[in-house]
Each structure stands twice: as C-alpha cells, then as structure tokens.
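Structure file data-v2.tsv (TSV, C-alpha atoms) follows.
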chain	number	residue	atom	x	y	z
A	14	MET	CA	59.87	-21.07	-39.10
A	15	THR	CA	58.48	-24.19	-37.40
A	16	ILE	CA	55.86	-24.36	-34.67
A	17	LEU	CA	58.51	-25.61	-32.26
A	18	THR	CA	60.71	-22.55	-32.80
A	19	VAL	CA	57.77	-20.33	-31.81
A	20	ILE	CA	56.34	-22.27	-28.88
A	21	PHE	CA	59.44	-23.77	-27.28
A	22	PRO	CA	61.21	-20.49	-26.29
A	23	VAL	CA	57.99	-19.12	-24.78
A	24	PHE	CA	57.33	-22.10	-22.58
A	25	ALA	CA	61.02	-22.68	-21.81
A	26	ILE	CA	61.29	-19.15	-20.40
A	27	ALA	CA	57.99	-19.62	-18.53
A	28	LEU	CA	59.31	-22.88	-17.08
A	29	ALA	CA	62.47	-21.09	-15.96
A	30	GLY	CA	60.32	-18.49	-14.20
A	31	TYR	CA	58.22	-21.20	-12.55
A	32	LEU	CA	61.23	-23.18	-11.33
A	33	THR	CA	62.90	-20.03	-10.07
A	34	ALA	CA	59.83	-19.24	-7.96
A	35	ARG	CA	59.17	-22.88	-7.02
A	36	PHE	CA	62.64	-23.34	-5.53
A	37	ASN	CA	62.64	-19.88	-3.99
A	38	ILE	CA	65.60	-18.60	-6.00
A	39	LEU	CA	63.41	-15.52	-6.38
A	40	ASP	CA	60.71	-15.03	-3.74
A	41	THR	CA	57.26	-13.56	-4.19
A	42	ARG	CA	58.49	-9.99	-3.70
A	43	ASP	CA	61.12	-10.48	-6.41
A	44	ILE	CA	58.56	-11.81	-8.89
A	45	ASP	CA	56.21	-8.97	-7.98
A	46	GLY	CA	59.01	-6.48	-8.63
A	47	ILE	CA	59.71	-7.92	-12.08
A	48	SER	CA	55.98	-7.98	-12.77
A	49	LYS	CA	55.69	-4.30	-11.87
A	50	PHE	CA	58.58	-3.50	-14.23
A	51	VAL	CA	56.91	-5.50	-17.00
A	52	PHE	CA	53.43	-3.99	-16.70
A	53	SER	CA	54.39	-0.46	-15.67
A	54	ILE	CA	57.43	0.15	-17.88
A	55	ALA	CA	58.53	-2.51	-20.37
A	56	ILE	CA	55.24	-3.48	-22.04
A	57	PRO	CA	53.87	0.09	-22.20
A	58	ILE	CA	57.12	1.16	-23.89
A	59	LEU	CA	56.95	-1.81	-26.28
A	60	LEU	CA	53.38	-0.88	-27.19
A	61	PHE	CA	54.35	2.77	-27.64
A	62	ASN	CA	57.32	1.90	-29.86
A	63	SER	CA	55.30	-0.44	-32.04
A	64	LEU	CA	52.18	1.68	-32.36
A	65	ALA	CA	54.07	4.93	-32.96
A	66	GLY	CA	55.76	3.41	-36.00
A	67	VAL	CA	53.07	1.15	-37.45
A	68	THR	CA	51.09	2.05	-40.56
A	69	LEU	CA	47.51	2.56	-39.43
A	70	PRO	CA	44.64	1.42	-41.65
A	71	GLU	CA	42.65	4.14	-43.41
A	72	GLU	CA	39.40	2.85	-41.91
A	73	ILE	CA	38.62	1.22	-38.58
A	74	ASN	CA	38.12	-2.51	-39.04
A	75	TRP	CA	34.81	-2.82	-37.21
A	76	GLN	CA	34.32	-6.38	-38.44
A	77	PHE	CA	37.51	-7.40	-36.65
A	78	TRP	CA	36.33	-5.98	-33.33
A	79	LEU	CA	32.85	-7.41	-33.82
A	80	SER	CA	34.25	-10.87	-34.59
A	81	TYR	CA	36.02	-10.92	-31.26
A	82	TYR	CA	33.87	-8.93	-28.87
A	83	LEU	CA	30.43	-10.11	-29.92
A	84	VAL	CA	31.64	-13.60	-29.08
A	85	SER	CA	33.37	-12.49	-25.85
A	86	ILE	CA	30.18	-10.90	-24.56
A	87	PHE	CA	28.13	-13.93	-25.59
A	88	ILE	CA	30.58	-16.27	-23.83
A	89	TYR	CA	30.43	-14.08	-20.73
A	90	ILE	CA	26.62	-14.27	-20.66
A	91	LEU	CA	26.73	-18.01	-21.33
A	92	GLY	CA	29.31	-18.45	-18.56
A	93	VAL	CA	27.08	-16.62	-16.09
A	94	TRP	CA	24.12	-18.80	-17.12
A	95	VAL	CA	26.12	-22.02	-16.84
A	96	SER	CA	27.46	-20.95	-13.46
A	97	LYS	CA	23.93	-20.33	-12.21
A	98	ARG	CA	22.12	-23.30	-13.75
A	99	TRP	CA	24.77	-26.03	-13.60
A	100	PHE	CA	26.65	-25.16	-10.45
A	101	ALA	CA	24.16	-23.05	-8.44
A	102	HIS	CA	26.76	-20.36	-7.80
A	103	THR	CA	26.04	-17.09	-6.03
A	104	PRO	CA	25.65	-13.93	-8.16
A	105	LYS	CA	29.23	-12.86	-7.39
A	106	GLU	CA	30.55	-16.30	-8.34
A	107	GLN	CA	28.53	-16.17	-11.55
A	108	ALA	CA	30.13	-12.85	-12.53
A	109	ILE	CA	33.65	-14.15	-11.82
A	110	PHE	CA	32.95	-17.41	-13.67
A	111	GLY	CA	31.72	-15.49	-16.71
A	112	LEU	CA	34.87	-13.35	-16.66
A	113	GLY	CA	37.15	-16.38	-16.49
A	114	ALA	CA	35.28	-18.03	-19.35
A	115	SER	CA	35.63	-15.00	-21.65
A	116	TYR	CA	38.77	-13.08	-20.62
A	117	SER	CA	41.95	-14.02	-22.51
A	118	ASN	CA	45.52	-13.79	-21.29
A	119	MET	CA	46.37	-11.44	-24.17
A	120	VAL	CA	49.52	-9.80	-22.86
A	121	LEU	CA	51.53	-12.50	-21.06
A	122	VAL	CA	50.70	-15.35	-23.46
A	123	GLY	CA	49.03	-13.88	-26.55
A	124	LEU	CA	51.47	-11.09	-27.35
A	125	PRO	CA	54.68	-13.18	-27.39
A	126	ILE	CA	53.21	-16.22	-29.14
A	127	ILE	CA	51.28	-14.39	-31.84
A	128	SER	CA	53.91	-11.72	-32.56
A	129	THR	CA	56.60	-14.40	-32.85
A	130	GLY	CA	54.50	-16.85	-34.85
A	131	LEU	CA	52.74	-14.44	-37.21
A	132	GLY	CA	55.33	-11.66	-37.38
A	133	ASP	CA	55.35	-7.91	-36.79
A	134	ASP	CA	52.36	-7.40	-39.10
A	135	ALA	CA	50.26	-9.03	-36.39
A	136	LEU	CA	51.09	-6.28	-33.88
A	137	LEU	CA	48.43	-3.83	-35.08
A	138	PRO	CA	45.46	-6.22	-34.73
A	139	ILE	CA	46.89	-7.36	-31.39
A	140	PHE	CA	46.96	-3.77	-30.15
A	141	LEU	CA	43.42	-3.13	-31.37
A	142	LEU	CA	42.15	-6.04	-29.30
A	143	VAL	CA	44.20	-5.16	-26.21
A	144	SER	CA	43.04	-1.53	-26.33
A	145	ILE	CA	39.44	-2.29	-25.32
A	146	HIS	CA	39.75	-5.79	-23.87
A	147	SER	CA	39.79	-4.82	-20.20
A	148	ALA	CA	37.39	-1.90	-20.62
A	149	THR	CA	34.71	-4.11	-22.16
A	150	LEU	CA	34.76	-7.05	-19.77
A	151	PHE	CA	35.78	-5.26	-16.57
A	152	PHE	CA	32.81	-2.92	-16.90
A	153	ILE	CA	30.39	-5.82	-17.30
A	154	VAL	CA	31.69	-7.85	-14.36
A	155	THR	CA	31.97	-4.80	-12.09
A	156	LEU	CA	28.41	-3.79	-12.97
A	157	LEU	CA	27.03	-7.23	-12.10
A	158	VAL	CA	29.00	-7.65	-8.88
A	159	GLU	CA	28.42	-4.13	-7.55
A	160	ARG	CA	24.71	-4.27	-8.29
A	161	GLY	CA	24.56	-7.71	-6.73
A	162	ASN	CA	26.19	-6.28	-3.60
A	163	GLY	CA	23.53	-3.59	-3.46
A	164	THR	CA	26.02	-0.71	-3.41
A	165	GLY	CA	23.64	1.56	-5.28
A	166	SER	CA	26.19	2.44	-7.95
A	167	THR	CA	24.59	3.26	-11.28
A	168	PRO	CA	25.92	1.87	-14.58
A	169	GLY	CA	27.13	5.38	-15.41
A	170	GLN	CA	29.09	5.63	-12.16
A	171	ILE	CA	30.63	2.21	-12.69
A	172	ALA	CA	31.52	3.09	-16.29
A	173	LEU	CA	33.15	6.34	-15.12
A	174	GLN	CA	35.16	4.54	-12.45
A	175	THR	CA	36.22	1.90	-14.98
A	176	LEU	CA	37.41	4.62	-17.35
A	177	LYS	CA	39.31	6.33	-14.52
A	178	ASN	CA	41.05	3.06	-13.66
A	179	LEU	CA	41.94	2.48	-17.33
A	180	ALA	CA	43.25	6.04	-17.67
A	181	ARG	CA	45.79	5.19	-14.95
A	182	ASN	CA	46.69	1.85	-16.54
A	183	PRO	CA	50.27	2.05	-17.93
A	184	ILE	CA	49.45	-0.32	-20.82
A	185	ILE	CA	46.56	1.89	-21.96
A	186	ILE	CA	48.76	4.98	-21.53
A	187	GLY	CA	51.45	3.39	-23.72
A	188	LEU	CA	48.89	2.58	-26.40
A	189	MET	CA	47.35	6.05	-26.36
A	190	LEU	CA	50.71	7.83	-26.49
A	191	GLY	CA	51.83	5.62	-29.38
A	192	LEU	CA	48.62	6.44	-31.23
A	193	VAL	CA	49.08	10.20	-30.64
A	194	PHE	CA	52.70	10.12	-31.84
A	195	ASN	CA	51.58	8.14	-34.91
A	196	LEU	CA	48.62	10.32	-35.85
A	197	PHE	CA	50.52	13.59	-35.47
A	198	ALA	CA	53.81	12.23	-36.87
A	199	ILE	CA	55.70	13.41	-33.77
A	200	PRO	CA	59.39	12.52	-34.13
A	201	VAL	CA	61.27	10.81	-31.31
A	202	PRO	CA	64.92	11.90	-30.92
A	203	GLN	CA	67.25	9.12	-32.02
A	204	MET	CA	69.02	8.65	-28.68
A	205	LEU	CA	65.71	8.51	-26.82
A	206	ASP	CA	64.31	6.15	-29.44
A	207	ASP	CA	67.29	3.82	-28.97
A	208	ALA	CA	66.78	3.82	-25.21
A	209	LEU	CA	63.05	3.14	-25.55
A	210	HIS	CA	63.65	0.23	-27.92
A	211	THR	CA	66.22	-1.26	-25.54
A	212	LEU	CA	63.65	-1.18	-22.73
A	213	GLY	CA	60.91	-2.45	-25.03
A	214	ASP	CA	63.05	-5.40	-26.09
A	215	ALA	CA	63.01	-6.59	-22.48
A	216	ALA	CA	59.22	-6.69	-22.35
A	217	LEU	CA	58.38	-10.06	-23.89
A	218	PRO	CA	61.06	-12.26	-22.25
A	219	CYS	CA	60.41	-10.64	-18.87
A	220	ALA	CA	56.64	-11.00	-19.32
A	221	ILE	CA	56.97	-14.70	-20.11
A	222	PHE	CA	59.31	-15.17	-17.12
A	223	VAL	CA	56.79	-13.43	-14.86
A	224	LEU	CA	54.03	-15.66	-16.23
A	225	GLY	CA	56.00	-18.73	-15.16
A	226	GLY	CA	56.83	-17.26	-11.77
A	227	SER	CA	53.22	-16.28	-11.22
A	228	LEU	CA	51.99	-19.81	-11.98
A	229	ASN	CA	53.67	-20.93	-8.77
A	230	ALA	CA	51.03	-18.90	-6.92
A	231	TYR	CA	48.14	-20.69	-8.63
A	232	LYS	CA	47.19	-24.05	-7.23
A	233	LEU	CA	45.04	-26.96	-8.31
A	234	ALA	CA	42.48	-26.05	-5.68
A	235	GLY	CA	39.80	-28.57	-6.63
A	236	HIS	CA	36.49	-27.63	-8.29
A	237	PHE	CA	37.68	-29.44	-11.40
A	238	SER	CA	34.24	-29.74	-13.02
A	239	GLU	CA	33.75	-25.97	-12.83
A	240	ALA	CA	37.34	-25.27	-13.93
A	241	TRP	CA	37.17	-27.57	-16.95
A	242	THR	CA	33.80	-26.09	-17.93
A	243	MET	CA	35.32	-22.61	-17.76
A	244	ILE	CA	38.28	-23.77	-19.86
A	245	GLY	CA	35.98	-25.41	-22.40
A	246	LEU	CA	34.05	-22.18	-22.88
A	247	LYS	CA	37.26	-20.16	-23.03
A	248	MET	CA	39.59	-22.28	-25.16
A	249	VAL	CA	37.20	-24.34	-27.29
A	250	LEU	CA	33.86	-22.63	-27.83
A	251	GLN	CA	35.14	-19.06	-27.95
A	252	PRO	CA	37.75	-19.56	-30.72
A	253	ILE	CA	35.31	-21.69	-32.74
A	254	LEU	CA	32.67	-18.95	-32.67
A	255	VAL	CA	35.24	-16.23	-33.42
A	256	ALA	CA	36.49	-18.28	-36.38
A	257	ILE	CA	32.95	-18.56	-37.74
A	258	LEU	CA	32.43	-14.80	-37.58
A	259	ALA	CA	35.93	-13.78	-38.71
A	260	ILE	CA	36.28	-16.23	-41.59
A	261	ALA	CA	32.81	-17.31	-42.70
A	262	VAL	CA	30.74	-14.20	-41.92
A	263	PHE	CA	33.02	-11.15	-42.16
A	264	HIS	CA	35.69	-12.69	-44.46
A	265	LEU	CA	38.56	-10.94	-42.68
A	266	GLU	CA	42.05	-10.93	-44.13
A	267	PRO	CA	43.83	-14.17	-43.12
A	268	LEU	CA	46.27	-12.45	-40.74
A	269	TRP	CA	43.55	-10.53	-38.92
A	270	ALA	CA	41.34	-13.60	-38.69
A	271	ALA	CA	44.27	-15.60	-37.30
A	272	VAL	CA	44.96	-13.01	-34.60
A	273	ALA	CA	41.29	-12.92	-33.57
A	274	VAL	CA	40.97	-16.70	-33.35
A	275	MET	CA	44.29	-17.24	-31.58
A	276	MET	CA	43.51	-14.53	-29.04
A	277	ALA	CA	40.12	-16.10	-28.42
A	278	GLY	CA	41.85	-19.41	-27.74
A	279	MET	CA	44.28	-18.01	-25.16
A	280	PRO	CA	44.16	-19.35	-21.59
A	281	VAL	CA	42.14	-17.79	-18.80
A	282	GLY	CA	43.50	-14.31	-18.05
A	283	VAL	CA	45.15	-13.72	-14.68
A	284	ASN	CA	43.02	-10.62	-14.09
A	285	SER	CA	40.05	-12.90	-13.53
A	286	PHE	CA	41.80	-14.17	-10.39
A	287	ILE	CA	42.51	-10.59	-9.30
A	288	PHE	CA	38.77	-9.91	-9.53
A	289	ALA	CA	38.07	-13.13	-7.63
A	290	GLN	CA	40.41	-11.96	-4.85
A	291	LYS	CA	38.89	-8.48	-4.83
A	292	TYR	CA	35.37	-9.82	-4.33
A	293	GLN	CA	36.45	-12.91	-2.32
A	294	SER	CA	34.51	-15.21	-4.62
A	295	GLY	CA	35.40	-18.03	-7.01
A	296	MET	CA	39.11	-18.00	-6.19
A	297	ALA	CA	39.61	-21.78	-6.11
A	298	ILE	CA	37.85	-22.31	-9.45
A	299	THR	CA	39.72	-19.49	-11.14
A	300	SER	CA	43.10	-20.52	-9.75
A	301	THR	CA	42.64	-24.08	-11.00
A	302	ALA	CA	41.41	-22.89	-14.40
A	303	ILE	CA	44.32	-20.46	-14.90
A	304	LEU	CA	46.93	-23.11	-14.12
A	305	LEU	CA	45.35	-25.85	-16.25
A	306	SER	CA	44.51	-23.60	-19.19
A	307	THR	CA	48.00	-22.08	-19.31
A	308	LEU	CA	49.55	-25.55	-19.48
A	309	LEU	CA	46.99	-26.61	-22.08
A	310	ALA	CA	47.91	-23.59	-24.22
A	311	LEU	CA	51.19	-25.31	-25.12
A	312	VAL	CA	49.15	-27.78	-27.19
A	313	SER	CA	46.23	-25.61	-28.30
A	314	GLN	CA	48.32	-22.68	-29.52
A	315	SER	CA	50.64	-25.06	-31.37
A	316	LEU	CA	47.63	-26.46	-33.21
A	317	LEU	CA	46.34	-22.98	-34.07
A	318	LEU	CA	49.76	-21.92	-35.34
A	319	ALA	CA	49.88	-25.05	-37.50
A	320	ILE	CA	46.54	-24.01	-39.00
A	321	PHE	CA	47.22	-20.32	-39.50
A	322	ILE	CA	50.90	-19.99	-40.42
A	323	PRO	CA	50.30	-21.49	-43.90
A	324	ARG	CA	47.30	-19.13	-44.38
A	325	THR	CA	49.19	-15.97	-43.45

Translate the structure of the given file into structure tokens.
Amino acid sequence: MTILTVIFPVFAIALAGYLTARFNILDTRDIDGISKFVFSIAIPILLFNSLAGVTLPEEINWQFWLSYYLVSIFIYILGVWVSKRWFAHTPKEQAIFGLGASYSNMVLVGLPIISTGLGDDALLPIFLLVSIHSATLFFIVTLLVERGNGTGSTPGQIALQTLKNLARNPIIIGLMLGLVFNLFAIPVPQMLDDALHTLGDAALPCAIFVLGGSLNAYKLAGHFSEAWTMIGLKMVLQPILVAILAIAVFHLEPLWAAVAVMMAGMPVGVNSFIFAQKYQSGMAITSTAILLSTLLALVSQSLLLAIFIPRT
C-alpha cells in the first residue's frame, strides 16, 4: 500500500462532495440530510459493528489516553492564553480559540485516513480516543463560556448537562452498545448482522462526501494571523508533543503511538465552528482555520503516513 492509495480516495471523494455543493447539484438541505444519515445512523452502526467484534485489551491503556489528552488540555490552555495575550480576544473568543486549537476532526478525516492507512487494528485505539474526545473538551469550553457569561451554572451542573448531551449523541450510543455486546458476548443474528454491516459500509464514503460538501459552507473570512496561529497549535505543536509523550515517555506500541500522533495532527474539528455559532463568537477565525487546515491535511497526513506505515 502506498501513501497515494490511502490519501487520494479520501480527498477525491471530499472534492466530489465539495463540487457537488459548490455547483448546487445538491443544496444545503441535501448535504444536511446526508450528514444526518452519517452521524445518526451510518457511523454509529460502523462503530457498533467494529467494537462489538474487536478483541479488547485486558487492561486499559492509560498511557495512550494520557499521551493524547494531557497534550490536548495543555494546547487548549495555551490557545486561550495566546488568544488573550496576542490577539486581545474576549473571554468567549478565547474559549472558542482554545477549542479550535485543540479539537481534532477525528470522525470525518481521522477515521477514514487512519483506518485505511494503518488497517483494522487501528480501530480500537481510534474508538478509545473518540469515546471521550467531545466529553473532555466540550466540558472545558462550556464551563469557561458559561461562567464568562455569568449564567451562574456550577461546574457540576455544566458537567451533568454535558453528560446528558453525550448520552443522546448517536456516536456515543453506538460505541457504548458495541462495548456492551462485546463485554457480554451478546450474539447478533446473522441476517441482522449482514444488514448492519451493509449500513456501516456506507459510513466512511458518505462521511468523506459530507466533509467536502460542508467545506463549501466555510469561507476564508479573513483573520488569517489568528487562523494560522490556531492551525500551528493544532497541526504542528500538538502532534509533536503527543509524539514525545507516546514514543519517548510512555513507549507505546508503534500502532498505538501512530494513531495518537496522527489524530493529534488532524485538522480543526467542525464542532469548534458549531460552538462558535452557538455563542456568536470567533466564527470568522474558526471558519478560515477549518477550511485551511482541512486542505493542509492532504500534505500533513501524507507525511505522517510516510513516517508511521513502516513502523507499524
């Protein structure tokens, strides 16, 4: 397998999605409908299928989580500091900037590239990262923004609301059901299993197509110094620090280290823009950063694959 055979199909399908939206072959409602299918049905089923049948490790790999999330939290804090000191942003803008600098596009970009490039053995570490990715960073940014707004919500109330939101998230539901079926060895009837795998097989191509279609909504809205700073924290500093912890400090197995570093080097996650819209803050910066970082991922992820495929 060459790097081109991994990267080219991903970005070719994304380009098809972008051109389809750009020339209005499918309008915004059509793309939103496909996106809802992807996130509410196809990806949760893919995660369920994969996790229900994977061989779980005997012990939780805390070093793997620490390698990724210690760095993510540090980058978030650093992003907030940079936003305040360098750009004199408001507290809400600081929280959104920190999220963009630390939150990876794990599902739309990370899942297809890493699973294709590193193989099915990479699925378990991918799922372990996805399982607490949103919970960790969404809680932090919600806490900062809500307290900055003076709503009076306590950290416990915000944590409870975050957990409630995650409990309704189809991706988390798919992961949890897959884990339950795995732990209790619950069999899935063959005909149902065939149907679930057929739906799951649609997840990755549809997700990549939606990514391309969604990029049409993100514009180069100026604020390039802030956007490039956010991208530098996200796609340069974060994977370097994760690599130091995963390889030099914790000595993770090559495959697990590769997944952690490649996920850390993913482009700015689209949920950071959703938060920016929700709080009406930092939308131009985040939009610019998402578009530029996603295009840049064509090069950066190719380089990371070139480094890690021989190791794994």

Residue contacts of region 249-256 of chain A (12 Å, only C-alpha atoms) excluding same-chain residues fewer than 6 positions away, as an MDAnalysis selection string: chainID A and resid 76:89 91:92 113:117 241:243 262:265 267 269:281 306 309:310 313:314 317 320:321

Measure the distance from CA of Asn195 (chain A) to CA of Asn62 (chain A) in Å and round it to one decimal.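 A separation of 9.9 Å between them.
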
Report as an NGL selection string all protein, DNA and RNA residues lying within 6 Å of region 31-39 of chain A, evaluated on only C-alpha atoms, omitting residues in the same chain fewer than 6 positions from it. :A and (225-226 or 229)

Excluding same-chain residues fewer than 2 positions from region 285-290 of chain A, what lies within 7 Å of it counting all atoms listed in the file, as a list in words?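 My list of contacting residues is Ile109, Leu112, Gly113, Gly282, Val283, Tyr292, Gln293, Ser294, Gly295, Met296, Thr299 and Ser300 of chain A.
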
Skipping near chain neighbours, those fewer than 5 positions away, what residues fall within 10 Å of Lys232 (chain A) using all atoms listed in the file, listed as a VMD selection string? chain A and resid 297 to 305

The distance between CA of Lys49 (chain A) and CA of Val143 (chain A) is 18.4 Å

Test item: axis-aligned box, all listed atoms of region 265-278 of chain A, 3 Å on each side, centre and edges in Å rounded to one decimal, as AutoDock Vina command-line options:
--center_x 42.4 --center_y -15.0 --center_z -35.9 --size_x 13.7 --size_y 14.9 --size_z 22.4

Choose the residue, out of A:Phe21, A:Phe52, A:Phe61, A:Phe100, that has the smallest atom-to-atom separation from Thr129 (chain A); count all atoms listed in the file. A:Phe21

Within 8 Å of Ile16 (chain A) using all atoms listed in the file, minus same-chain residues under 3 positions, as an mmCIF file with C-alpha atoms, keeping the file's coordinate frame:
data_model
loop_
_atom_site.group_PDB
_atom_site.id
_atom_site.type_symbol
_atom_site.label_atom_id
_atom_site.label_comp_id
_atom_site.auth_asym_id
_atom_site.auth_seq_id
_atom_site.Cartn_x
_atom_site.Cartn_y
_atom_site.Cartn_z
ATOM 1 C CA VAL A 19 57.770 -20.330 -31.810
ATOM 2 C CA ILE A 20 56.340 -22.270 -28.880
ATOM 3 C CA GLY A 130 54.500 -16.850 -34.850
ATOM 4 C CA SER A 315 50.640 -25.060 -31.370
ATOM 5 C CA LEU A 318 49.760 -21.920 -35.340
ATOM 6 C CA ALA A 319 49.880 -25.050 -37.500
#

To one decimal place, how far is CA of Gly111 (chain A) from CA of Leu156 (chain A) in Å? 12.7 Å

Which is closest to Met189 (chain A) among A:Phe140, A:Phe222, A:Tyr231, A:Phe151, if we use all atoms listed in the file? A:Phe140

Please determine, counting only C-alpha atoms, which residue among A:Gly46, A:Pro218, A:Gly66, A:Gly30 has the shortest atom-to-atom distance to Leu124 (chain A).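 For Leu124 (chain A), the nearest of the given residues is A:Pro218.
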